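upload12.cif follows; it contains mmCIF, N, CA and C atoms.
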```
data_protein
#
loop_
_atom_site.label_atom_id
_atom_site.label_comp_id
_atom_site.auth_asym_id
_atom_site.auth_seq_id
_atom_site.Cartn_x
_atom_site.Cartn_y
_atom_site.Cartn_z
N MET A 23 136.66 67.32 102.70
CA MET A 23 136.64 68.56 103.47
C MET A 23 136.46 69.77 102.56
N ALA A 24 137.09 69.74 101.39
CA ALA A 24 136.98 70.88 100.47
C ALA A 24 135.55 71.05 99.99
N ALA A 25 134.88 69.95 99.73
CA ALA A 25 133.50 70.03 99.26
C ALA A 25 132.59 70.64 100.32
N TRP A 26 132.78 70.26 101.57
CA TRP A 26 131.95 70.81 102.64
C TRP A 26 132.25 72.28 102.88
N ALA A 27 133.50 72.67 102.75
CA ALA A 27 133.85 74.08 102.90
C ALA A 27 133.25 74.90 101.77
N PHE A 28 133.23 74.33 100.56
CA PHE A 28 132.60 75.02 99.44
C PHE A 28 131.10 75.20 99.68
N VAL A 29 130.45 74.16 100.16
CA VAL A 29 129.01 74.24 100.46
C VAL A 29 128.75 75.29 101.54
N ALA A 30 129.57 75.32 102.56
CA ALA A 30 129.41 76.30 103.64
C ALA A 30 129.62 77.72 103.12
N GLY A 31 130.60 77.90 102.25
CA GLY A 31 130.85 79.22 101.68
C GLY A 31 129.70 79.70 100.82
N MET A 32 129.17 78.80 100.01
CA MET A 32 128.04 79.18 99.16
C MET A 32 126.79 79.44 100.00
N ALA A 33 126.60 78.69 101.07
CA ALA A 33 125.45 78.92 101.95
C ALA A 33 125.56 80.27 102.65
N ALA A 34 126.76 80.62 103.10
CA ALA A 34 126.96 81.91 103.74
C ALA A 34 126.71 83.05 102.75
N MET A 35 127.12 82.86 101.50
CA MET A 35 126.85 83.88 100.50
C MET A 35 125.36 84.00 100.21
N ALA A 36 124.65 82.87 100.23
CA ALA A 36 123.20 82.90 100.01
C ALA A 36 122.50 83.62 101.15
N VAL A 37 122.92 83.37 102.38
CA VAL A 37 122.33 84.06 103.53
C VAL A 37 122.59 85.56 103.43
N GLU A 38 123.78 85.93 103.01
CA GLU A 38 124.11 87.35 102.85
C GLU A 38 123.22 88.00 101.80
N ASP A 39 122.98 87.31 100.70
CA ASP A 39 122.11 87.86 99.65
C ASP A 39 120.66 87.96 100.09
N VAL A 40 120.19 86.99 100.87
CA VAL A 40 118.82 87.05 101.38
C VAL A 40 118.67 88.24 102.33
N CYS A 41 119.65 88.44 103.19
CA CYS A 41 119.59 89.59 104.10
C CYS A 41 119.63 90.91 103.33
N PHE A 42 120.40 90.96 102.24
CA PHE A 42 120.44 92.16 101.41
C PHE A 42 119.08 92.40 100.76
N ALA A 43 118.45 91.35 100.28
CA ALA A 43 117.12 91.49 99.67
C ALA A 43 116.10 91.95 100.69
N LEU A 44 116.17 91.42 101.90
CA LEU A 44 115.24 91.84 102.94
C LEU A 44 115.50 93.27 103.38
N THR A 45 116.75 93.71 103.29
CA THR A 45 117.07 95.11 103.57
C THR A 45 116.42 96.02 102.54
N ALA A 46 116.49 95.64 101.29
CA ALA A 46 115.89 96.44 100.22
C ALA A 46 114.37 96.48 100.34
N ASP A 47 113.78 95.46 100.93
CA ASP A 47 112.33 95.38 101.08
C ASP A 47 111.83 95.99 102.39
N ALA A 48 112.74 96.45 103.24
CA ALA A 48 112.37 96.98 104.55
C ALA A 48 111.56 98.26 104.42
N THR A 49 110.65 98.46 105.36
CA THR A 49 109.79 99.64 105.33
C THR A 49 110.23 100.71 106.31
N SER A 50 111.12 100.38 107.22
CA SER A 50 111.58 101.38 108.19
C SER A 50 113.10 101.29 108.33
N ALA A 51 113.65 102.35 108.88
CA ALA A 51 115.11 102.38 109.07
C ALA A 51 115.55 101.33 110.09
N GLU A 52 114.75 101.09 111.11
CA GLU A 52 115.11 100.09 112.12
C GLU A 52 115.15 98.70 111.51
N GLU A 53 114.22 98.42 110.63
CA GLU A 53 114.19 97.12 109.97
C GLU A 53 115.40 96.96 109.04
N MET A 54 115.79 98.04 108.38
CA MET A 54 116.96 98.00 107.51
C MET A 54 118.23 97.71 108.32
N VAL A 55 118.35 98.36 109.47
CA VAL A 55 119.52 98.14 110.33
C VAL A 55 119.53 96.71 110.85
N TYR A 56 118.37 96.19 111.19
CA TYR A 56 118.26 94.81 111.68
C TYR A 56 118.81 93.83 110.64
N TRP A 57 118.36 93.95 109.40
CA TRP A 57 118.81 93.03 108.35
C TRP A 57 120.25 93.27 107.96
N GLN A 58 120.72 94.50 108.02
CA GLN A 58 122.12 94.78 107.73
C GLN A 58 123.04 94.17 108.80
N ASN A 59 122.57 94.15 110.04
CA ASN A 59 123.37 93.52 111.10
C ASN A 59 123.50 92.02 110.85
N TRP A 60 122.42 91.36 110.44
CA TRP A 60 122.49 89.93 110.12
C TRP A 60 123.34 89.69 108.88
N ARG A 61 123.29 90.61 107.93
CA ARG A 61 124.14 90.51 106.74
C ARG A 61 125.61 90.59 107.14
N LEU A 62 125.93 91.48 108.06
CA LEU A 62 127.31 91.61 108.53
C LEU A 62 127.78 90.33 109.22
N VAL A 63 126.90 89.69 109.97
CA VAL A 63 127.26 88.43 110.62
C VAL A 63 127.58 87.37 109.56
N ALA A 64 126.75 87.28 108.53
CA ALA A 64 126.99 86.29 107.47
C ALA A 64 128.29 86.59 106.73
N VAL A 65 128.54 87.85 106.44
CA VAL A 65 129.75 88.23 105.70
C VAL A 65 131.00 87.98 106.54
N SER A 66 130.89 88.08 107.85
CA SER A 66 132.07 87.90 108.70
C SER A 66 132.59 86.47 108.67
N PHE A 67 131.74 85.52 108.31
CA PHE A 67 132.18 84.13 108.22
C PHE A 67 132.86 83.80 106.89
N LEU A 68 132.65 84.61 105.88
CA LEU A 68 133.14 84.28 104.54
C LEU A 68 134.66 84.15 104.44
N PRO A 69 135.46 85.06 104.96
CA PRO A 69 136.92 84.90 104.78
C PRO A 69 137.46 83.59 105.37
N GLY A 70 136.99 83.24 106.55
CA GLY A 70 137.47 82.00 107.18
C GLY A 70 137.05 80.76 106.42
N ILE A 71 135.80 80.76 105.96
CA ILE A 71 135.31 79.61 105.21
C ILE A 71 136.08 79.45 103.90
N TRP A 72 136.29 80.56 103.19
CA TRP A 72 137.00 80.46 101.91
C TRP A 72 138.48 80.16 102.11
N LEU A 73 139.05 80.56 103.22
CA LEU A 73 140.43 80.19 103.51
C LEU A 73 140.54 78.68 103.72
N ILE A 74 139.62 78.13 104.49
CA ILE A 74 139.61 76.68 104.71
C ILE A 74 139.43 75.96 103.38
N PHE A 75 138.50 76.44 102.56
CA PHE A 75 138.30 75.82 101.25
C PHE A 75 139.56 75.89 100.41
N SER A 76 140.19 77.04 100.36
CA SER A 76 141.38 77.20 99.53
C SER A 76 142.51 76.27 99.97
N LEU A 77 142.72 76.18 101.26
CA LEU A 77 143.81 75.34 101.76
C LEU A 77 143.54 73.86 101.54
N THR A 78 142.30 73.43 101.73
CA THR A 78 141.99 72.01 101.54
C THR A 78 141.90 71.65 100.06
N TYR A 79 141.40 72.55 99.24
CA TYR A 79 141.30 72.27 97.81
C TYR A 79 142.68 72.25 97.15
N ALA A 80 143.56 73.11 97.60
CA ALA A 80 144.90 73.17 97.02
C ALA A 80 145.70 71.90 97.30
N ARG A 81 145.40 71.25 98.40
CA ARG A 81 146.12 70.03 98.74
C ARG A 81 145.71 68.89 97.83
N GLY A 82 144.51 68.92 97.30
CA GLY A 82 144.05 67.85 96.42
C GLY A 82 143.89 66.55 97.18
N ASN A 83 144.09 65.47 96.51
CA ASN A 83 144.01 64.16 97.13
C ASN A 83 145.42 63.72 97.53
N ILE A 84 145.78 63.99 98.75
CA ILE A 84 147.14 63.75 99.24
C ILE A 84 147.47 62.25 99.27
N ARG A 85 146.47 61.38 99.35
CA ARG A 85 146.72 59.94 99.43
C ARG A 85 147.28 59.38 98.11
N ASN A 86 147.00 60.03 97.00
CA ASN A 86 147.49 59.55 95.71
C ASN A 86 148.92 59.97 95.42
N SER A 87 149.52 60.80 96.26
CA SER A 87 150.90 61.28 96.00
C SER A 87 151.91 60.27 96.43
#
```
What would the structure in this file look like if it were written as structure tokens?
Amino acid sequence: MAAWAFVAGMAAMAVEDVCFALTADATSAEEMVYWQNWRLVAVSFLPGIWLIFSLTYARGNIRNS
């Protein structure tokens, strides 16, 4: 579970960076707002994903205890 949460967190960060790059490449204010809105959606998932990762990674392999 920790590995999948890590992958999801890194993917969300990649989507956020792509939206930021597309914002910088925008030619109009409307296009900038469009990409910033999608960036906000991607960033909104990050705290939950990293919380899941932190809690599952901290537990380690519980079966070996």
Expressed in Å to a single decimal, how great is the separation between atom C of Arg61 (chain A) and CA of Met23 (chain A)?
->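 That distance, rounded to one decimal, is 24.9 Å.
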Restricting to only C-alpha atoms, whichever of A:Val37, A:Tyr56, A:Arg81, A:Ser50 is closest to Leu68 (chain A) is A:Val37
Nearest-residue call for Ala33 (chain A), choices A:Ile74, A:Ala64, A:Met54, A:Ala80, using all atoms listed in the file =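 So, comparing all the options, the nearest one is A:Ala64.
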Could you state which residues are captured by the PyMOL selection byres ((chain A and resi 38) around 7) in this file, as a VMD selection string?
-> chain A and resid 33 to 37 39 to 43 60 to 62 64 to 65
Could you state the separation of CA of Ala30 (chain A) and CA of Ile71 (chain A) in Å, given to one decimal place?
-> 6.9 Å
Which distance in Å separates CA of Pro69 (chain A) and atom N of Phe28 (chain A), to one decimal?
-> 12.0 Å
Please give the complete set of residues from chain A that DSSP, run on the backbone, assigns to alpha helix (DSSP H), formatted as number ranges by chain.
-> A: 24-46, 51-81
Mind dumping the selected residues with N, CA and C atoms as a short mmCIF file (atom, residue, chain, number, x, y, z; two decimals), in the coordinates of the input?
```cif
data_model
loop_
_atom_site.label_atom_id
_atom_site.label_comp_id
_atom_site.auth_asym_id
_atom_site.auth_seq_id
_atom_site.Cartn_x
_atom_site.Cartn_y
_atom_site.Cartn_z
N ALA A 24 137.09 69.74 101.39
CA ALA A 24 136.98 70.88 100.47
C ALA A 24 135.55 71.05 99.99
N ALA A 25 134.88 69.95 99.73
CA ALA A 25 133.50 70.03 99.26
C ALA A 25 132.59 70.64 100.32
N TRP A 26 132.78 70.26 101.57
CA TRP A 26 131.95 70.81 102.64
C TRP A 26 132.25 72.28 102.88
N ALA A 27 133.50 72.67 102.75
CA ALA A 27 133.85 74.08 102.90
C ALA A 27 133.25 74.90 101.77
N PHE A 28 133.23 74.33 100.56
CA PHE A 28 132.60 75.02 99.44
C PHE A 28 131.10 75.20 99.68
N VAL A 29 130.45 74.16 100.16
CA VAL A 29 129.01 74.24 100.46
C VAL A 29 128.75 75.29 101.54
N ALA A 30 129.57 75.32 102.56
CA ALA A 30 129.41 76.30 103.64
C ALA A 30 129.62 77.72 103.12
N GLY A 31 130.60 77.90 102.25
CA GLY A 31 130.85 79.22 101.68
C GLY A 31 129.70 79.70 100.82
N MET A 32 129.17 78.80 100.01
CA MET A 32 128.04 79.18 99.16
C MET A 32 126.79 79.44 100.00
N ALA A 33 126.60 78.69 101.07
CA ALA A 33 125.45 78.92 101.95
C ALA A 33 125.56 80.27 102.65
N ALA A 34 126.76 80.62 103.10
CA ALA A 34 126.96 81.91 103.74
C ALA A 34 126.71 83.05 102.75
N MET A 35 127.12 82.86 101.50
CA MET A 35 126.85 83.88 100.50
C MET A 35 125.36 84.00 100.21
N ALA A 36 124.65 82.87 100.23
CA ALA A 36 123.20 82.90 100.01
C ALA A 36 122.50 83.62 101.15
N VAL A 37 122.92 83.37 102.38
CA VAL A 37 122.33 84.06 103.53
C VAL A 37 122.59 85.56 103.43
N GLU A 38 123.78 85.93 103.01
CA GLU A 38 124.11 87.35 102.85
C GLU A 38 123.22 88.00 101.80
N ASP A 39 122.98 87.31 100.70
CA ASP A 39 122.11 87.86 99.65
C ASP A 39 120.66 87.96 100.09
N VAL A 40 120.19 86.99 100.87
CA VAL A 40 118.82 87.05 101.38
C VAL A 40 118.67 88.24 102.33
N CYS A 41 119.65 88.44 103.19
CA CYS A 41 119.59 89.59 104.10
C CYS A 41 119.63 90.91 103.33
N PHE A 42 120.40 90.96 102.24
CA PHE A 42 120.44 92.16 101.41
C PHE A 42 119.08 92.40 100.76
N ALA A 43 118.45 91.35 100.28
CA ALA A 43 117.12 91.49 99.67
C ALA A 43 116.10 91.95 100.69
N LEU A 44 116.17 91.42 101.90
CA LEU A 44 115.24 91.84 102.94
C LEU A 44 115.50 93.27 103.38
N THR A 45 116.75 93.71 103.29
CA THR A 45 117.07 95.11 103.57
C THR A 45 116.42 96.02 102.54
N ALA A 46 116.49 95.64 101.29
CA ALA A 46 115.89 96.44 100.22
C ALA A 46 114.37 96.48 100.34
N ALA A 51 113.65 102.35 108.88
CA ALA A 51 115.11 102.38 109.07
C ALA A 51 115.55 101.33 110.09
N GLU A 52 114.75 101.09 111.11
CA GLU A 52 115.11 100.09 112.12
C GLU A 52 115.15 98.70 111.51
N GLU A 53 114.22 98.42 110.63
CA GLU A 53 114.19 97.12 109.97
C GLU A 53 115.40 96.96 109.04
N MET A 54 115.79 98.04 108.38
CA MET A 54 116.96 98.00 107.51
C MET A 54 118.23 97.71 108.32
N VAL A 55 118.35 98.36 109.47
CA VAL A 55 119.52 98.14 110.33
C VAL A 55 119.53 96.71 110.85
N TYR A 56 118.37 96.19 111.19
CA TYR A 56 118.26 94.81 111.68
C TYR A 56 118.81 93.83 110.64
N TRP A 57 118.36 93.95 109.40
CA TRP A 57 118.81 93.03 108.35
C TRP A 57 120.25 93.27 107.96
N GLN A 58 120.72 94.50 108.02
CA GLN A 58 122.12 94.78 107.73
C GLN A 58 123.04 94.17 108.80
N ASN A 59 122.57 94.15 110.04
CA ASN A 59 123.37 93.52 111.10
C ASN A 59 123.50 92.02 110.85
N TRP A 60 122.42 91.36 110.44
CA TRP A 60 122.49 89.93 110.12
C TRP A 60 123.34 89.69 108.88
N ARG A 61 123.29 90.61 107.93
CA ARG A 61 124.14 90.51 106.74
C ARG A 61 125.61 90.59 107.14
N LEU A 62 125.93 91.48 108.06
CA LEU A 62 127.31 91.61 108.53
C LEU A 62 127.78 90.33 109.22
N VAL A 63 126.90 89.69 109.97
CA VAL A 63 127.26 88.43 110.62
C VAL A 63 127.58 87.37 109.56
N ALA A 64 126.75 87.28 108.53
CA ALA A 64 126.99 86.29 107.47
C ALA A 64 128.29 86.59 106.73
N VAL A 65 128.54 87.85 106.44
CA VAL A 65 129.75 88.23 105.70
C VAL A 65 131.00 87.98 106.54
N SER A 66 130.89 88.08 107.85
CA SER A 66 132.07 87.90 108.70
C SER A 66 132.59 86.47 108.67
N PHE A 67 131.74 85.52 108.31
CA PHE A 67 132.18 84.13 108.22
C PHE A 67 132.86 83.80 106.89
N LEU A 68 132.65 84.61 105.88
CA LEU A 68 133.14 84.28 104.54
C LEU A 68 134.66 84.15 104.44
N PRO A 69 135.46 85.06 104.96
CA PRO A 69 136.92 84.90 104.78
C PRO A 69 137.46 83.59 105.37
N GLY A 70 136.99 83.24 106.55
CA GLY A 70 137.47 82.00 107.18
C GLY A 70 137.05 80.76 106.42
N ILE A 71 135.80 80.76 105.96
CA ILE A 71 135.31 79.61 105.21
C ILE A 71 136.08 79.45 103.90
N TRP A 72 136.29 80.56 103.19
CA TRP A 72 137.00 80.46 101.91
C TRP A 72 138.48 80.16 102.11
N LEU A 73 139.05 80.56 103.22
CA LEU A 73 140.43 80.19 103.51
C LEU A 73 140.54 78.68 103.72
N ILE A 74 139.62 78.13 104.49
CA ILE A 74 139.61 76.68 104.71
C ILE A 74 139.43 75.96 103.38
N PHE A 75 138.50 76.44 102.56
CA PHE A 75 138.30 75.82 101.25
C PHE A 75 139.56 75.89 100.41
N SER A 76 140.19 77.04 100.36
CA SER A 76 141.38 77.20 99.53
C SER A 76 142.51 76.27 99.97
N LEU A 77 142.72 76.18 101.26
CA LEU A 77 143.81 75.34 101.76
C LEU A 77 143.54 73.86 101.54
N THR A 78 142.30 73.43 101.73
CA THR A 78 141.99 72.01 101.54
C THR A 78 141.90 71.65 100.06
N TYR A 79 141.40 72.55 99.24
CA TYR A 79 141.30 72.27 97.81
C TYR A 79 142.68 72.25 97.15
N ALA A 80 143.56 73.11 97.60
CA ALA A 80 144.90 73.17 97.02
C ALA A 80 145.70 71.90 97.30
N ARG A 81 145.40 71.25 98.40
CA ARG A 81 146.12 70.03 98.74
C ARG A 81 145.71 68.89 97.83
#
```
Output, as JSON, the centre and edge lengths in Å (one decimal) of the axis-aligned box that contains all listed atoms of region 36-53 of chain A with 8 Å of margin on each side.
```
{"center_x": 117.2, "center_y": 92.6, "center_z": 105.9, "size_x": 30.9, "size_y": 35.5, "size_z": 28.5}
```
Nearest to Gly70 (chain A) by atom-to-atom distance, counting only C-alpha atoms, from A:Gln58, A:Asp47, A:Gly31, A:Trp26 |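 Of the candidates, the smallest distance to Gly70 (chain A) is held by A:Gly31.
Among the candidate residues A:Asn59, A:Thr45, A:Thr78, A:Ser66, the one lying nearest to Ala24 (chain A) is A:Thr78, with distances computed using all atoms listed in the file.
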Missing atoms of region 25-50 of chain A rebuilt to N, CA, C and O atoms, written as a tab-separated table (two decimals), in the frame of the given file:
```
chain	number	residue	atom	x	y	z
A	25	ALA	N	134.88	69.95	99.73
A	25	ALA	CA	133.50	70.03	99.26
A	25	ALA	C	132.59	70.64	100.32
A	25	ALA	O	131.72	71.47	100.00
A	26	TRP	N	132.78	70.26	101.57
A	26	TRP	CA	131.95	70.81	102.64
A	26	TRP	C	132.25	72.28	102.88
A	26	TRP	O	131.35	73.06	103.18
A	27	ALA	N	133.50	72.67	102.75
A	27	ALA	CA	133.85	74.08	102.90
A	27	ALA	C	133.25	74.90	101.77
A	27	ALA	O	132.79	76.03	101.98
A	28	PHE	N	133.23	74.33	100.56
A	28	PHE	CA	132.60	75.02	99.44
A	28	PHE	C	131.10	75.20	99.68
A	28	PHE	O	130.55	76.28	99.44
A	29	VAL	N	130.45	74.16	100.16
A	29	VAL	CA	129.01	74.24	100.46
A	29	VAL	C	128.75	75.29	101.54
A	29	VAL	O	127.82	76.09	101.43
A	30	ALA	N	129.57	75.32	102.56
A	30	ALA	CA	129.41	76.30	103.64
A	30	ALA	C	129.62	77.72	103.12
A	30	ALA	O	128.89	78.64	103.49
A	31	GLY	N	130.60	77.90	102.25
A	31	GLY	CA	130.85	79.22	101.68
A	31	GLY	C	129.70	79.70	100.82
A	31	GLY	O	129.28	80.86	100.89
A	32	MET	N	129.17	78.80	100.01
A	32	MET	CA	128.04	79.18	99.16
A	32	MET	C	126.79	79.44	100.00
A	32	MET	O	126.01	80.35	99.69
A	33	ALA	N	126.60	78.69	101.07
A	33	ALA	CA	125.45	78.92	101.95
A	33	ALA	C	125.56	80.27	102.65
A	33	ALA	O	124.57	81.00	102.77
A	34	ALA	N	126.76	80.62	103.10
A	34	ALA	CA	126.96	81.91	103.74
A	34	ALA	C	126.71	83.05	102.75
A	34	ALA	O	126.12	84.08	103.11
A	35	MET	N	127.12	82.86	101.50
A	35	MET	CA	126.85	83.88	100.50
A	35	MET	C	125.36	84.00	100.21
A	35	MET	O	124.84	85.09	99.98
A	36	ALA	N	124.65	82.87	100.23
A	36	ALA	CA	123.20	82.90	100.01
A	36	ALA	C	122.50	83.62	101.15
A	36	ALA	O	121.58	84.42	100.91
A	37	VAL	N	122.92	83.37	102.38
A	37	VAL	CA	122.33	84.06	103.53
A	37	VAL	C	122.59	85.56	103.43
A	37	VAL	O	121.69	86.37	103.70
A	38	GLU	N	123.78	85.93	103.01
A	38	GLU	CA	124.11	87.35	102.85
A	38	GLU	C	123.22	88.00	101.80
A	38	GLU	O	122.71	89.11	101.99
A	39	ASP	N	122.98	87.31	100.70
A	39	ASP	CA	122.11	87.86	99.65
A	39	ASP	C	120.66	87.96	100.09
A	39	ASP	O	119.96	88.91	99.73
A	40	VAL	N	120.19	86.99	100.87
A	40	VAL	CA	118.82	87.05	101.38
A	40	VAL	C	118.67	88.24	102.33
A	40	VAL	O	117.68	88.97	102.26
A	41	CYS	N	119.65	88.44	103.19
A	41	CYS	CA	119.59	89.59	104.10
A	41	CYS	C	119.63	90.91	103.33
A	41	CYS	O	118.95	91.86	103.69
A	42	PHE	N	120.40	90.96	102.24
A	42	PHE	CA	120.44	92.16	101.41
A	42	PHE	C	119.08	92.40	100.76
A	42	PHE	O	118.61	93.54	100.71
A	43	ALA	N	118.45	91.35	100.28
A	43	ALA	CA	117.12	91.49	99.67
A	43	ALA	C	116.10	91.95	100.69
A	43	ALA	O	115.23	92.78	100.39
A	44	LEU	N	116.17	91.42	101.90
A	44	LEU	CA	115.24	91.84	102.94
A	44	LEU	C	115.50	93.27	103.38
A	44	LEU	O	114.58	93.99	103.77
A	45	THR	N	116.75	93.71	103.29
A	45	THR	CA	117.07	95.11	103.57
A	45	THR	C	116.42	96.02	102.54
A	45	THR	O	115.85	97.06	102.88
A	46	ALA	N	116.49	95.64	101.29
A	46	ALA	CA	115.89	96.44	100.22
A	46	ALA	C	114.37	96.48	100.34
A	46	ALA	O	113.74	97.45	99.91
A	47	ASP	N	113.78	95.46	100.93
A	47	ASP	CA	112.33	95.38	101.08
A	47	ASP	C	111.83	95.99	102.39
A	47	ASP	O	110.64	96.05	102.63
A	48	ALA	N	112.74	96.45	103.24
A	48	ALA	CA	112.37	96.98	104.55
A	48	ALA	C	111.56	98.26	104.42
A	48	ALA	O	111.76	99.05	103.49
A	49	THR	N	110.65	98.46	105.36
A	49	THR	CA	109.79	99.64	105.33
A	49	THR	C	110.23	100.71	106.31
A	49	THR	O	109.74	101.83	106.22
A	50	SER	N	111.12	100.38	107.22
A	50	SER	CA	111.58	101.38	108.19
A	50	SER	C	113.10	101.29	108.33
A	50	SER	O	113.72	100.29	107.96
```
